[in-house]
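Source file: run-v5.cif (mmCIF, N, CA and C atoms and all ligand atoms)
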```
data_target
loop_
_atom_site.label_atom_id
_atom_site.label_comp_id
_atom_site.auth_asym_id
_atom_site.auth_seq_id
_atom_site.Cartn_x
_atom_site.Cartn_y
_atom_site.Cartn_z
N MET O 1 -19.10 45.80 -10.90
CA MET O 1 -17.68 45.51 -10.83
C MET O 1 -17.25 45.26 -9.37
N LYS O 2 -17.68 46.19 -8.52
CA LYS O 2 -17.34 46.05 -7.10
C LYS O 2 -17.87 44.74 -6.52
N TRP O 3 -19.12 44.41 -6.93
CA TRP O 3 -19.75 43.20 -6.42
C TRP O 3 -18.96 41.97 -6.81
N ILE O 4 -18.49 42.01 -8.09
CA ILE O 4 -17.74 40.84 -8.58
C ILE O 4 -16.49 40.63 -7.74
N SER O 5 -15.75 41.71 -7.49
CA SER O 5 -14.51 41.50 -6.72
C SER O 5 -14.84 41.08 -5.28
N PHE O 6 -15.97 41.60 -4.78
CA PHE O 6 -16.39 41.20 -3.43
C PHE O 6 -16.65 39.69 -3.38
N ILE O 7 -17.35 39.21 -4.43
CA ILE O 7 -17.66 37.78 -4.48
C ILE O 7 -16.39 36.96 -4.64
N VAL O 8 -15.47 37.45 -5.48
CA VAL O 8 -14.21 36.74 -5.69
C VAL O 8 -13.45 36.64 -4.37
N VAL O 9 -13.41 37.76 -3.65
CA VAL O 9 -12.69 37.77 -2.38
C VAL O 9 -13.35 36.80 -1.40
N LEU O 10 -14.67 36.83 -1.35
CA LEU O 10 -15.40 35.91 -0.46
C LEU O 10 -15.10 34.46 -0.81
N GLY O 11 -15.13 34.18 -2.12
CA GLY O 11 -14.87 32.82 -2.60
C GLY O 11 -13.48 32.38 -2.20
N PHE O 12 -12.53 33.26 -2.35
CA PHE O 12 -11.15 32.94 -2.03
C PHE O 12 -11.01 32.69 -0.53
N TYR O 13 -11.67 33.56 0.25
CA TYR O 13 -11.61 33.40 1.69
C TYR O 13 -12.21 32.06 2.10
N GLY O 14 -13.33 31.75 1.43
CA GLY O 14 -14.01 30.47 1.71
C GLY O 14 -13.07 29.30 1.48
N LEU O 15 -12.32 29.36 0.40
CA LEU O 15 -11.40 28.26 0.07
C LEU O 15 -10.29 28.13 1.09
N THR O 16 -9.68 29.28 1.41
CA THR O 16 -8.52 29.21 2.30
C THR O 16 -8.95 28.90 3.74
N ALA O 17 -10.21 29.31 4.08
CA ALA O 17 -10.65 29.09 5.45
C ALA O 17 -11.11 27.66 5.68
N GLN O 18 -11.25 26.90 4.59
CA GLN O 18 -11.74 25.53 4.72
C GLN O 18 -10.68 24.66 5.42
N ALA O 19 -11.14 23.82 6.30
CA ALA O 19 -10.20 22.96 7.02
C ALA O 19 -9.59 21.93 6.06
N ALA O 20 -8.36 21.52 6.33
CA ALA O 20 -7.72 20.46 5.55
C ALA O 20 -8.53 19.19 5.75
N PRO O 21 -8.61 18.33 4.72
CA PRO O 21 -9.42 17.10 4.85
C PRO O 21 -9.08 16.29 6.10
N VAL O 22 -7.80 16.22 6.43
CA VAL O 22 -7.45 15.39 7.59
C VAL O 22 -8.00 16.01 8.89
N ASP O 23 -8.02 17.35 8.95
CA ASP O 23 -8.58 18.00 10.15
C ASP O 23 -10.09 17.79 10.21
N GLU O 24 -10.72 17.87 9.04
CA GLU O 24 -12.15 17.64 9.00
C GLU O 24 -12.46 16.19 9.45
N TYR O 25 -11.68 15.25 8.96
CA TYR O 25 -11.90 13.85 9.33
C TYR O 25 -11.63 13.62 10.82
N LEU O 26 -10.57 14.26 11.33
CA LEU O 26 -10.27 14.14 12.76
C LEU O 26 -11.42 14.70 13.60
N GLY O 27 -12.05 15.76 13.09
CA GLY O 27 -13.21 16.34 13.78
C GLY O 27 -14.36 15.34 13.84
N GLN O 28 -14.60 14.66 12.72
CA GLN O 28 -15.67 13.65 12.69
C GLN O 28 -15.35 12.52 13.66
N LEU O 29 -14.09 12.07 13.63
CA LEU O 29 -13.69 10.97 14.51
C LEU O 29 -13.80 11.37 15.98
N ALA O 30 -13.48 12.63 16.28
CA ALA O 30 -13.55 13.10 17.67
C ALA O 30 -14.99 13.08 18.16
N SER O 31 -15.96 13.50 17.33
CA SER O 31 -17.35 13.45 17.82
C SER O 31 -17.80 12.01 17.99
N GLU O 32 -17.32 11.13 17.11
CA GLU O 32 -17.66 9.72 17.25
C GLU O 32 -17.06 9.14 18.54
N ALA O 33 -15.80 9.48 18.80
CA ALA O 33 -15.10 8.96 19.99
C ALA O 33 -15.80 9.46 21.26
N LYS O 34 -16.27 10.69 21.22
CA LYS O 34 -16.97 11.28 22.36
C LYS O 34 -18.30 10.57 22.60
N ARG O 35 -18.94 10.18 21.49
CA ARG O 35 -20.20 9.45 21.60
C ARG O 35 -19.94 8.06 22.22
N ASP O 36 -18.82 7.42 21.78
CA ASP O 36 -18.47 6.09 22.32
C ASP O 36 -18.12 6.17 23.80
N ASP O 37 -17.43 7.26 24.17
CA ASP O 37 -16.94 7.39 25.55
C ASP O 37 -16.94 8.87 25.93
N PRO O 38 -17.93 9.27 26.74
CA PRO O 38 -18.07 10.69 27.09
C PRO O 38 -16.83 11.27 27.78
N SER O 39 -15.94 10.42 28.33
CA SER O 39 -14.75 10.95 28.99
C SER O 39 -13.60 11.17 28.00
N PHE O 40 -13.83 10.90 26.71
CA PHE O 40 -12.81 11.12 25.68
C PHE O 40 -12.35 12.58 25.71
N SER O 41 -11.02 12.77 25.75
CA SER O 41 -10.55 14.17 25.87
C SER O 41 -9.52 14.53 24.81
N GLY O 42 -9.51 13.80 23.70
CA GLY O 42 -8.61 14.18 22.61
C GLY O 42 -7.74 13.02 22.16
N PHE O 43 -7.23 13.14 20.93
CA PHE O 43 -6.39 12.08 20.38
C PHE O 43 -4.96 12.23 20.90
N ASP O 44 -4.21 11.13 20.77
CA ASP O 44 -2.89 11.09 21.38
C ASP O 44 -1.94 10.31 20.46
N ALA O 45 -0.90 10.99 19.98
CA ALA O 45 0.05 10.36 19.06
C ALA O 45 0.82 9.22 19.73
N LYS O 46 0.97 9.29 21.07
CA LYS O 46 1.69 8.21 21.78
C LYS O 46 0.90 6.91 21.73
N ARG O 47 -0.41 7.02 21.94
CA ARG O 47 -1.26 5.82 21.80
C ARG O 47 -1.22 5.37 20.34
N GLY O 48 -1.19 6.34 19.42
CA GLY O 48 -1.14 6.03 17.99
C GLY O 48 0.12 5.26 17.63
N LYS O 49 1.22 5.61 18.27
CA LYS O 49 2.49 4.92 18.01
C LYS O 49 2.37 3.44 18.34
N LYS O 50 1.74 3.17 19.50
CA LYS O 50 1.57 1.78 19.92
C LYS O 50 0.70 1.02 18.91
N ILE O 51 -0.36 1.68 18.47
CA ILE O 51 -1.25 1.05 17.49
C ILE O 51 -0.48 0.73 16.21
N PHE O 52 0.41 1.64 15.82
CA PHE O 52 1.12 1.50 14.55
C PHE O 52 2.28 0.50 14.62
N THR O 53 2.92 0.42 15.79
CA THR O 53 4.16 -0.36 15.84
C THR O 53 4.00 -1.75 16.49
N SER O 54 2.90 -1.98 17.23
CA SER O 54 2.78 -3.28 17.90
C SER O 54 2.33 -4.36 16.90
N THR O 55 2.79 -5.60 17.15
CA THR O 55 2.45 -6.68 16.22
C THR O 55 1.29 -7.53 16.75
N HIS O 56 0.54 -8.07 15.84
CA HIS O 56 -0.65 -8.86 16.15
C HIS O 56 -0.77 -9.97 15.13
N VAL O 57 -1.48 -11.03 15.51
CA VAL O 57 -1.75 -12.07 14.52
C VAL O 57 -2.85 -11.55 13.61
N GLY O 58 -2.48 -11.25 12.38
CA GLY O 58 -3.42 -10.62 11.47
C GLY O 58 -3.73 -11.48 10.27
N LYS O 59 -3.79 -10.84 9.13
CA LYS O 59 -4.16 -11.48 7.87
C LYS O 59 -3.37 -12.77 7.63
N ARG O 60 -4.07 -13.80 7.23
CA ARG O 60 -3.50 -15.13 6.94
C ARG O 60 -2.66 -15.68 8.09
N GLY O 61 -3.05 -15.30 9.35
CA GLY O 61 -2.38 -15.84 10.52
C GLY O 61 -0.94 -15.36 10.70
N LYS O 62 -0.56 -14.32 9.99
CA LYS O 62 0.82 -13.81 10.09
C LYS O 62 0.91 -12.77 11.20
N ARG O 63 2.03 -12.77 11.94
CA ARG O 63 2.25 -11.73 12.94
C ARG O 63 2.73 -10.47 12.25
N ILE O 64 1.88 -9.46 12.22
CA ILE O 64 2.27 -8.22 11.51
C ILE O 64 1.89 -6.97 12.30
N SER O 65 2.47 -5.86 11.89
CA SER O 65 2.09 -4.55 12.41
C SER O 65 1.86 -3.65 11.20
N CYS O 66 1.47 -2.40 11.47
CA CYS O 66 1.31 -1.45 10.37
C CYS O 66 2.65 -1.24 9.67
N ARG O 67 3.72 -1.41 10.44
CA ARG O 67 5.06 -1.23 9.88
C ARG O 67 5.43 -2.29 8.86
N SER O 68 4.79 -3.46 8.94
CA SER O 68 5.16 -4.55 8.05
C SER O 68 5.10 -4.10 6.59
N CYS O 69 4.12 -3.26 6.26
CA CYS O 69 4.00 -2.77 4.88
C CYS O 69 4.53 -1.34 4.73
N HIS O 70 4.32 -0.51 5.77
CA HIS O 70 4.68 0.91 5.63
C HIS O 70 6.11 1.19 6.10
N GLY O 71 6.77 0.22 6.71
CA GLY O 71 8.17 0.40 7.10
C GLY O 71 8.34 1.12 8.42
N LYS O 72 9.60 1.18 8.89
CA LYS O 72 9.90 1.83 10.17
C LYS O 72 9.98 3.32 10.00
N ASN O 73 10.46 3.75 8.84
CA ASN O 73 10.60 5.17 8.55
C ASN O 73 9.46 5.59 7.63
N LEU O 74 8.52 6.37 8.19
CA LEU O 74 7.32 6.71 7.40
C LEU O 74 7.60 7.69 6.28
N GLN O 75 8.81 8.26 6.28
CA GLN O 75 9.16 9.17 5.18
C GLN O 75 9.81 8.41 4.02
N ALA O 76 9.97 7.09 4.21
CA ALA O 76 10.53 6.28 3.12
C ALA O 76 9.42 5.40 2.54
N ASP O 77 9.61 4.91 1.33
CA ASP O 77 8.61 4.05 0.70
C ASP O 77 8.57 2.69 1.38
N GLY O 78 7.45 2.01 1.24
CA GLY O 78 7.29 0.67 1.83
C GLY O 78 6.94 -0.35 0.76
N GLU O 79 6.58 -1.54 1.24
CA GLU O 79 6.21 -2.60 0.30
C GLU O 79 5.15 -3.49 0.93
N ASN O 80 4.12 -3.81 0.18
CA ASN O 80 3.06 -4.68 0.67
C ASN O 80 3.62 -6.10 0.84
N ILE O 81 3.62 -6.60 2.10
CA ILE O 81 4.23 -7.91 2.34
C ILE O 81 3.44 -9.05 1.70
N PHE O 82 2.18 -8.79 1.36
CA PHE O 82 1.41 -9.88 0.75
C PHE O 82 1.50 -9.88 -0.77
N THR O 83 1.56 -8.70 -1.36
CA THR O 83 1.55 -8.64 -2.84
C THR O 83 2.89 -8.23 -3.43
N GLY O 84 3.81 -7.74 -2.57
CA GLY O 84 5.10 -7.27 -3.06
C GLY O 84 5.02 -5.91 -3.75
N LYS O 85 3.83 -5.30 -3.75
CA LYS O 85 3.67 -4.01 -4.43
C LYS O 85 4.31 -2.88 -3.64
N HIS O 86 4.88 -1.95 -4.39
CA HIS O 86 5.52 -0.78 -3.85
C HIS O 86 4.47 0.14 -3.20
N ILE O 87 4.78 0.71 -2.04
CA ILE O 87 3.86 1.66 -1.39
C ILE O 87 4.62 2.95 -1.16
N LYS O 88 4.08 4.05 -1.64
CA LYS O 88 4.75 5.35 -1.45
C LYS O 88 4.73 5.75 0.02
N ALA O 89 5.69 6.58 0.41
CA ALA O 89 5.83 7.01 1.81
C ALA O 89 4.50 7.45 2.41
N LEU O 90 4.26 7.06 3.66
CA LEU O 90 2.98 7.34 4.32
C LEU O 90 2.96 8.72 4.99
N SER O 91 4.12 9.25 5.30
CA SER O 91 4.16 10.54 6.00
C SER O 91 3.78 11.69 5.07
N PRO O 92 2.81 12.53 5.51
CA PRO O 92 2.44 13.67 4.67
C PRO O 92 3.60 14.68 4.53
N LYS O 93 4.58 14.58 5.41
CA LYS O 93 5.75 15.47 5.28
C LYS O 93 6.58 15.09 4.06
N ALA O 94 6.64 13.78 3.77
CA ALA O 94 7.43 13.31 2.63
C ALA O 94 6.58 13.20 1.37
N ASN O 95 5.28 13.03 1.56
CA ASN O 95 4.38 12.77 0.43
C ASN O 95 3.11 13.60 0.64
N PRO O 96 3.07 14.79 0.03
CA PRO O 96 1.96 15.73 0.29
C PRO O 96 0.59 15.19 -0.11
N LYS O 97 0.55 14.12 -0.91
CA LYS O 97 -0.76 13.57 -1.29
C LYS O 97 -1.38 12.77 -0.15
N ARG O 98 -0.57 12.42 0.83
CA ARG O 98 -1.07 11.60 1.94
C ARG O 98 -2.07 12.37 2.79
N LEU O 99 -3.08 11.64 3.29
CA LEU O 99 -4.10 12.18 4.18
C LEU O 99 -4.78 13.41 3.57
N SER O 100 -4.92 13.42 2.24
CA SER O 100 -5.55 14.58 1.60
C SER O 100 -6.97 14.26 1.11
N LYS O 101 -7.41 12.99 1.29
CA LYS O 101 -8.78 12.65 0.88
C LYS O 101 -9.44 11.78 1.95
N ILE O 102 -10.57 12.26 2.48
CA ILE O 102 -11.26 11.54 3.55
C ILE O 102 -11.64 10.13 3.09
N LYS O 103 -12.12 10.03 1.85
CA LYS O 103 -12.56 8.74 1.34
C LYS O 103 -11.42 7.72 1.35
N LYS O 104 -10.24 8.17 0.94
CA LYS O 104 -9.09 7.27 0.89
C LYS O 104 -8.64 6.87 2.31
N MET O 105 -8.63 7.85 3.23
CA MET O 105 -8.23 7.53 4.61
C MET O 105 -9.19 6.49 5.20
N LYS O 106 -10.51 6.70 4.98
CA LYS O 106 -11.50 5.78 5.55
C LYS O 106 -11.32 4.38 4.98
N LYS O 107 -11.19 4.31 3.66
CA LYS O 107 -11.09 3.02 2.98
C LYS O 107 -9.88 2.22 3.48
N TRP O 108 -8.73 2.89 3.57
CA TRP O 108 -7.52 2.15 3.93
C TRP O 108 -7.40 1.89 5.42
N LEU O 109 -7.94 2.78 6.24
CA LEU O 109 -7.92 2.49 7.68
C LEU O 109 -8.81 1.28 7.96
N ARG O 110 -9.93 1.20 7.25
CA ARG O 110 -10.82 0.06 7.45
C ARG O 110 -10.08 -1.23 7.05
N ARG O 111 -9.52 -1.23 5.84
CA ARG O 111 -8.81 -2.42 5.35
C ARG O 111 -7.61 -2.78 6.21
N ASN O 112 -6.82 -1.77 6.54
CA ASN O 112 -5.56 -2.04 7.22
C ASN O 112 -5.77 -2.48 8.67
N PHE O 113 -6.81 -1.94 9.35
CA PHE O 113 -7.11 -2.45 10.70
C PHE O 113 -7.52 -3.92 10.61
N LYS O 114 -8.28 -4.25 9.59
CA LYS O 114 -8.67 -5.66 9.39
C LYS O 114 -7.43 -6.51 9.19
N ASP O 115 -6.47 -6.02 8.36
CA ASP O 115 -5.25 -6.78 8.08
C ASP O 115 -4.48 -7.09 9.36
N VAL O 116 -4.32 -6.07 10.21
CA VAL O 116 -3.45 -6.21 11.38
C VAL O 116 -4.22 -6.70 12.62
N TYR O 117 -5.42 -6.17 12.83
CA TYR O 117 -6.15 -6.44 14.07
C TYR O 117 -7.34 -7.39 13.89
N ASN O 118 -7.61 -7.79 12.65
CA ASN O 118 -8.77 -8.64 12.38
C ASN O 118 -10.09 -8.03 12.84
N ARG O 119 -10.13 -6.71 12.90
CA ARG O 119 -11.38 -6.02 13.26
C ARG O 119 -11.27 -4.58 12.79
N ASP O 120 -12.40 -3.86 12.85
CA ASP O 120 -12.37 -2.44 12.55
C ASP O 120 -11.66 -1.68 13.66
N GLY O 121 -11.05 -0.56 13.34
CA GLY O 121 -10.51 0.31 14.37
C GLY O 121 -11.64 1.13 14.97
N THR O 122 -11.51 1.53 16.25
CA THR O 122 -12.51 2.42 16.82
C THR O 122 -12.17 3.85 16.37
N ALA O 123 -13.11 4.76 16.56
CA ALA O 123 -12.88 6.16 16.17
C ALA O 123 -11.64 6.70 16.90
N ARG O 124 -11.50 6.35 18.17
CA ARG O 124 -10.36 6.86 18.93
C ARG O 124 -9.04 6.31 18.38
N GLU O 125 -9.04 5.01 18.08
CA GLU O 125 -7.82 4.40 17.53
C GLU O 125 -7.44 5.03 16.19
N LYS O 126 -8.43 5.29 15.35
CA LYS O 126 -8.15 5.87 14.04
C LYS O 126 -7.58 7.28 14.19
N GLY O 127 -8.17 8.07 15.10
CA GLY O 127 -7.67 9.43 15.33
C GLY O 127 -6.26 9.40 15.91
N ASP O 128 -6.03 8.52 16.87
CA ASP O 128 -4.70 8.41 17.48
C ASP O 128 -3.65 8.06 16.43
N VAL O 129 -3.95 7.10 15.57
CA VAL O 129 -2.95 6.64 14.61
C VAL O 129 -2.73 7.69 13.52
N LEU O 130 -3.78 8.43 13.17
CA LEU O 130 -3.60 9.50 12.17
C LEU O 130 -2.68 10.59 12.73
N LEU O 131 -2.88 10.90 14.01
CA LEU O 131 -2.04 11.92 14.65
C LEU O 131 -0.57 11.46 14.66
N TYR O 132 -0.38 10.17 14.93
CA TYR O 132 0.99 9.62 14.93
C TYR O 132 1.60 9.73 13.52
N ILE O 133 0.84 9.36 12.50
CA ILE O 133 1.35 9.41 11.12
C ILE O 133 1.71 10.86 10.75
N MET O 134 0.86 11.81 11.17
CA MET O 134 1.13 13.22 10.87
C MET O 134 2.38 13.73 11.55
N SER O 135 2.72 13.12 12.70
CA SER O 135 3.88 13.59 13.47
C SER O 135 5.19 13.04 12.91
N LYS O 136 5.10 12.10 11.96
CA LYS O 136 6.31 11.39 11.49
C LYS O 136 6.85 11.95 10.18
C1 LIG Z 201 -0.67 -5.52 4.12
C2 LIG Z 201 -0.01 -4.23 3.95
C3 LIG Z 201 -0.44 -3.07 4.82
C4 LIG Z 201 -0.52 -3.04 6.19
C5 LIG Z 201 -0.22 -4.13 7.18
C6 LIG Z 201 -0.96 -1.70 6.52
N1 LIG Z 201 -1.13 -0.94 5.39
FE1 LIG Z 201 -1.76 0.98 5.28
N2 LIG Z 201 -1.81 0.89 3.27
C7 LIG Z 201 -1.44 -0.20 2.51
C8 LIG Z 201 -1.74 0.04 1.11
C9 LIG Z 201 -1.49 -0.93 -0.04
C10 LIG Z 201 -2.30 1.33 1.05
C11 LIG Z 201 -2.86 2.04 -0.19
C12 LIG Z 201 -1.87 2.28 -1.25
C13 LIG Z 201 -1.22 3.61 -1.14
O1 LIG Z 201 -1.90 4.59 -0.81
O2 LIG Z 201 -0.01 3.69 -1.39
C14 LIG Z 201 -2.32 1.84 2.42
C15 LIG Z 201 -2.80 3.09 2.77
C16 LIG Z 201 -2.88 3.56 4.06
C17 LIG Z 201 -3.42 4.86 4.43
C18 LIG Z 201 -4.00 5.89 3.48
C19 LIG Z 201 -3.08 7.09 3.38
C20 LIG Z 201 -3.62 8.17 2.46
O3 LIG Z 201 -3.05 8.33 1.39
O4 LIG Z 201 -4.55 8.87 2.82
C21 LIG Z 201 -3.35 4.94 5.80
C22 LIG Z 201 -3.79 6.10 6.68
C23 LIG Z 201 -2.77 3.70 6.27
N3 LIG Z 201 -2.49 2.89 5.19
C24 LIG Z 201 -2.54 3.40 7.61
C25 LIG Z 201 -2.22 2.12 8.07
C26 LIG Z 201 -2.32 1.72 9.47
C27 LIG Z 201 -2.75 2.61 10.61
C28 LIG Z 201 -1.98 0.40 9.52
C29 LIG Z 201 -2.00 -0.52 10.71
C30 LIG Z 201 -3.29 -0.66 11.41
C31 LIG Z 201 -1.64 0.00 8.16
N4 LIG Z 201 -1.81 1.06 7.31
C32 LIG Z 201 -1.21 -1.28 7.81
C33 LIG Z 201 -0.88 -1.38 2.99
C34 LIG Z 201 -0.82 -1.75 4.32
#
```
What does this structure look like when you write it as structure tokens?
Amino acid sequence: MKWISFIVVLGFYGLTAQAAPVDEYLGQLASEAKRDDPSFSGFDAKRGKKIFTSTHVGKRGKRISCRSCHGKNLQADGENIFTGKHIKALSPKANPKRLSKIKKMKKWLRRNFKDVYNRDGTAREKGDVLLYIMSK
């Protein structure tokens, strides 16, 4: 009986002590960024803001930014400028499902950097922009 409760307590501790997926992903990106540039000293939401708000000639030669689809207010819903599809708010403060799955973050950061920048984002850029999104 005692052993069972000990195991239950351990299991519970294990669950609560686990890092949130976004923190785990940021950790992976940080080691990658450090590998790319040994002088890397951490992500920065200010750099992330620039990545998110600046416009570039992107998909189909259109001048767009991340805001073109996700909007100026990340706590409000957006709309895909190419398909017209509704996009739920990107801020995890307004939408708790956001940044809760590493697979989804990777997939969409890859696609969305291609849309706006016509290339993949670097590990540092991805970490910076995630920090910015979390701050909004
Ligand atoms: C052409 C429209 C479009 C543009 C431009 C765009 N996004 Fe997205 N983004 C989407 C769509 C569509 C989804 C996936 C649908 C959803 O989750 O609502 C998404 C999902 C995401 C997610 C996943 C969030 C999660 O739930 O984990 C992140 C992060 C993200 N976008 C960041 C960015 C960043 C950073 C940029 C600029 C480099 C950007 N987006 C530009 C349309 C866009």
Report as a Markdown table: every residue of chain O with an atom at most 7 Å from ligand LIG 201 (chain Z), its closest pair of atoms, and their distance in Å to one decimal, counting only C-alpha atoms and all ligand atoms, with rows sorted by chain and ascending residue number.
```
| residue | atom | partner | partner_atom | distance |
| --- | --- | --- | --- | --- |
| O:Ile51 | CA | Z:LIG201 | C30 | 6.6 |
| O:Phe52 | CA | Z:LIG201 | C29 | 5.3 |
| O:Ile64 | CA | Z:LIG201 | C5 | 6.5 |
| O:Ser65 | CA | Z:LIG201 | C5 | 5.7 |
| O:Cys66 | CA | Z:LIG201 | C29 | 3.5 |
| O:Arg67 | CA | Z:LIG201 | C5 | 6.6 |
| O:Ser68 | CA | Z:LIG201 | C5 | 5.5 |
| O:Cys69 | CA | Z:LIG201 | C2 | 4.4 |
| O:His70 | CA | Z:LIG201 | N1 | 6.1 |
| O:Asn80 | CA | Z:LIG201 | C2 | 4.5 |
| O:Ile81 | CA | Z:LIG201 | C1 | 5.7 |
| O:Phe82 | CA | Z:LIG201 | C1 | 5.9 |
| O:Ile87 | CA | Z:LIG201 | O2 | 4.4 |
| O:Lys88 | CA | Z:LIG201 | O2 | 5.0 |
| O:Leu90 | CA | Z:LIG201 | C19 | 6.1 |
| O:Lys97 | CA | Z:LIG201 | O3 | 6.3 |
| O:Arg98 | CA | Z:LIG201 | O3 | 3.9 |
| O:Leu99 | CA | Z:LIG201 | O4 | 3.6 |
| O:Ser100 | CA | Z:LIG201 | O4 | 5.9 |
| O:Lys101 | CA | Z:LIG201 | O4 | 6.0 |
| O:Lys104 | CA | Z:LIG201 | O4 | 5.2 |
| O:Met105 | CA | Z:LIG201 | O4 | 4.3 |
| O:Trp108 | CA | Z:LIG201 | C16 | 4.9 |
| O:Leu109 | CA | Z:LIG201 | C24 | 5.5 |
| O:Asn112 | CA | Z:LIG201 | C32 | 4.5 |
| O:Phe113 | CA | Z:LIG201 | C30 | 4.3 |
| O:Asp115 | CA | Z:LIG201 | C5 | 5.8 |
| O:Val116 | CA | Z:LIG201 | C30 | 5.6 |
| O:Tyr117 | CA | Z:LIG201 | C30 | 7.0 |
| O:Val129 | CA | Z:LIG201 | C27 | 5.7 |
| O:Leu130 | CA | Z:LIG201 | C22 | 6.5 |
```
* Distance criterion (only N, CA and C atoms): nearest to O:Val22 out of O:Gly84, O:Ile102, O:Ser135, O:Ala123 ->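 Closest residue, counting only N, CA and C atoms: O:Ile102.
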Compare O:Arg63, O:Gly71, O:Asp128, O:Lys93 by their minimum atom-to-atom distance to O:Arg47, counting all atoms listed in the file, and give me the closest one.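 Using all atoms listed in the file, O:Arg47 sits closest to O:Asp128.
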TODO: Could you tell me how far atom C of O:Gln18 lies from atom CA of O:Lys106, in Å and to one decimal?
DONE: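 These atoms are spaced 18.9 Å apart.
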Among chain O, which residues does DSSP mark as helix (DSSP H, G or I) when it is run on the backbone? Keep the chain and numbering as in the structure and answer as a ChimeraX atom specification. /O:2-17,21-36,45-53,59-61,67-70,102-117,123-135
query = Got a sec to tell me which of chain O DSSP assigns to strand (DSSP E), as number ranges by chain?
reply = O: 56-57, 63-64, 78-79, 86-87
Atom C of O:Thr83 and atom C of O:Lys62 are how many Å apart?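 Atom-to-atom, atom C of O:Thr83 and atom C of O:Lys62 are spaced 15.4 Å apart.
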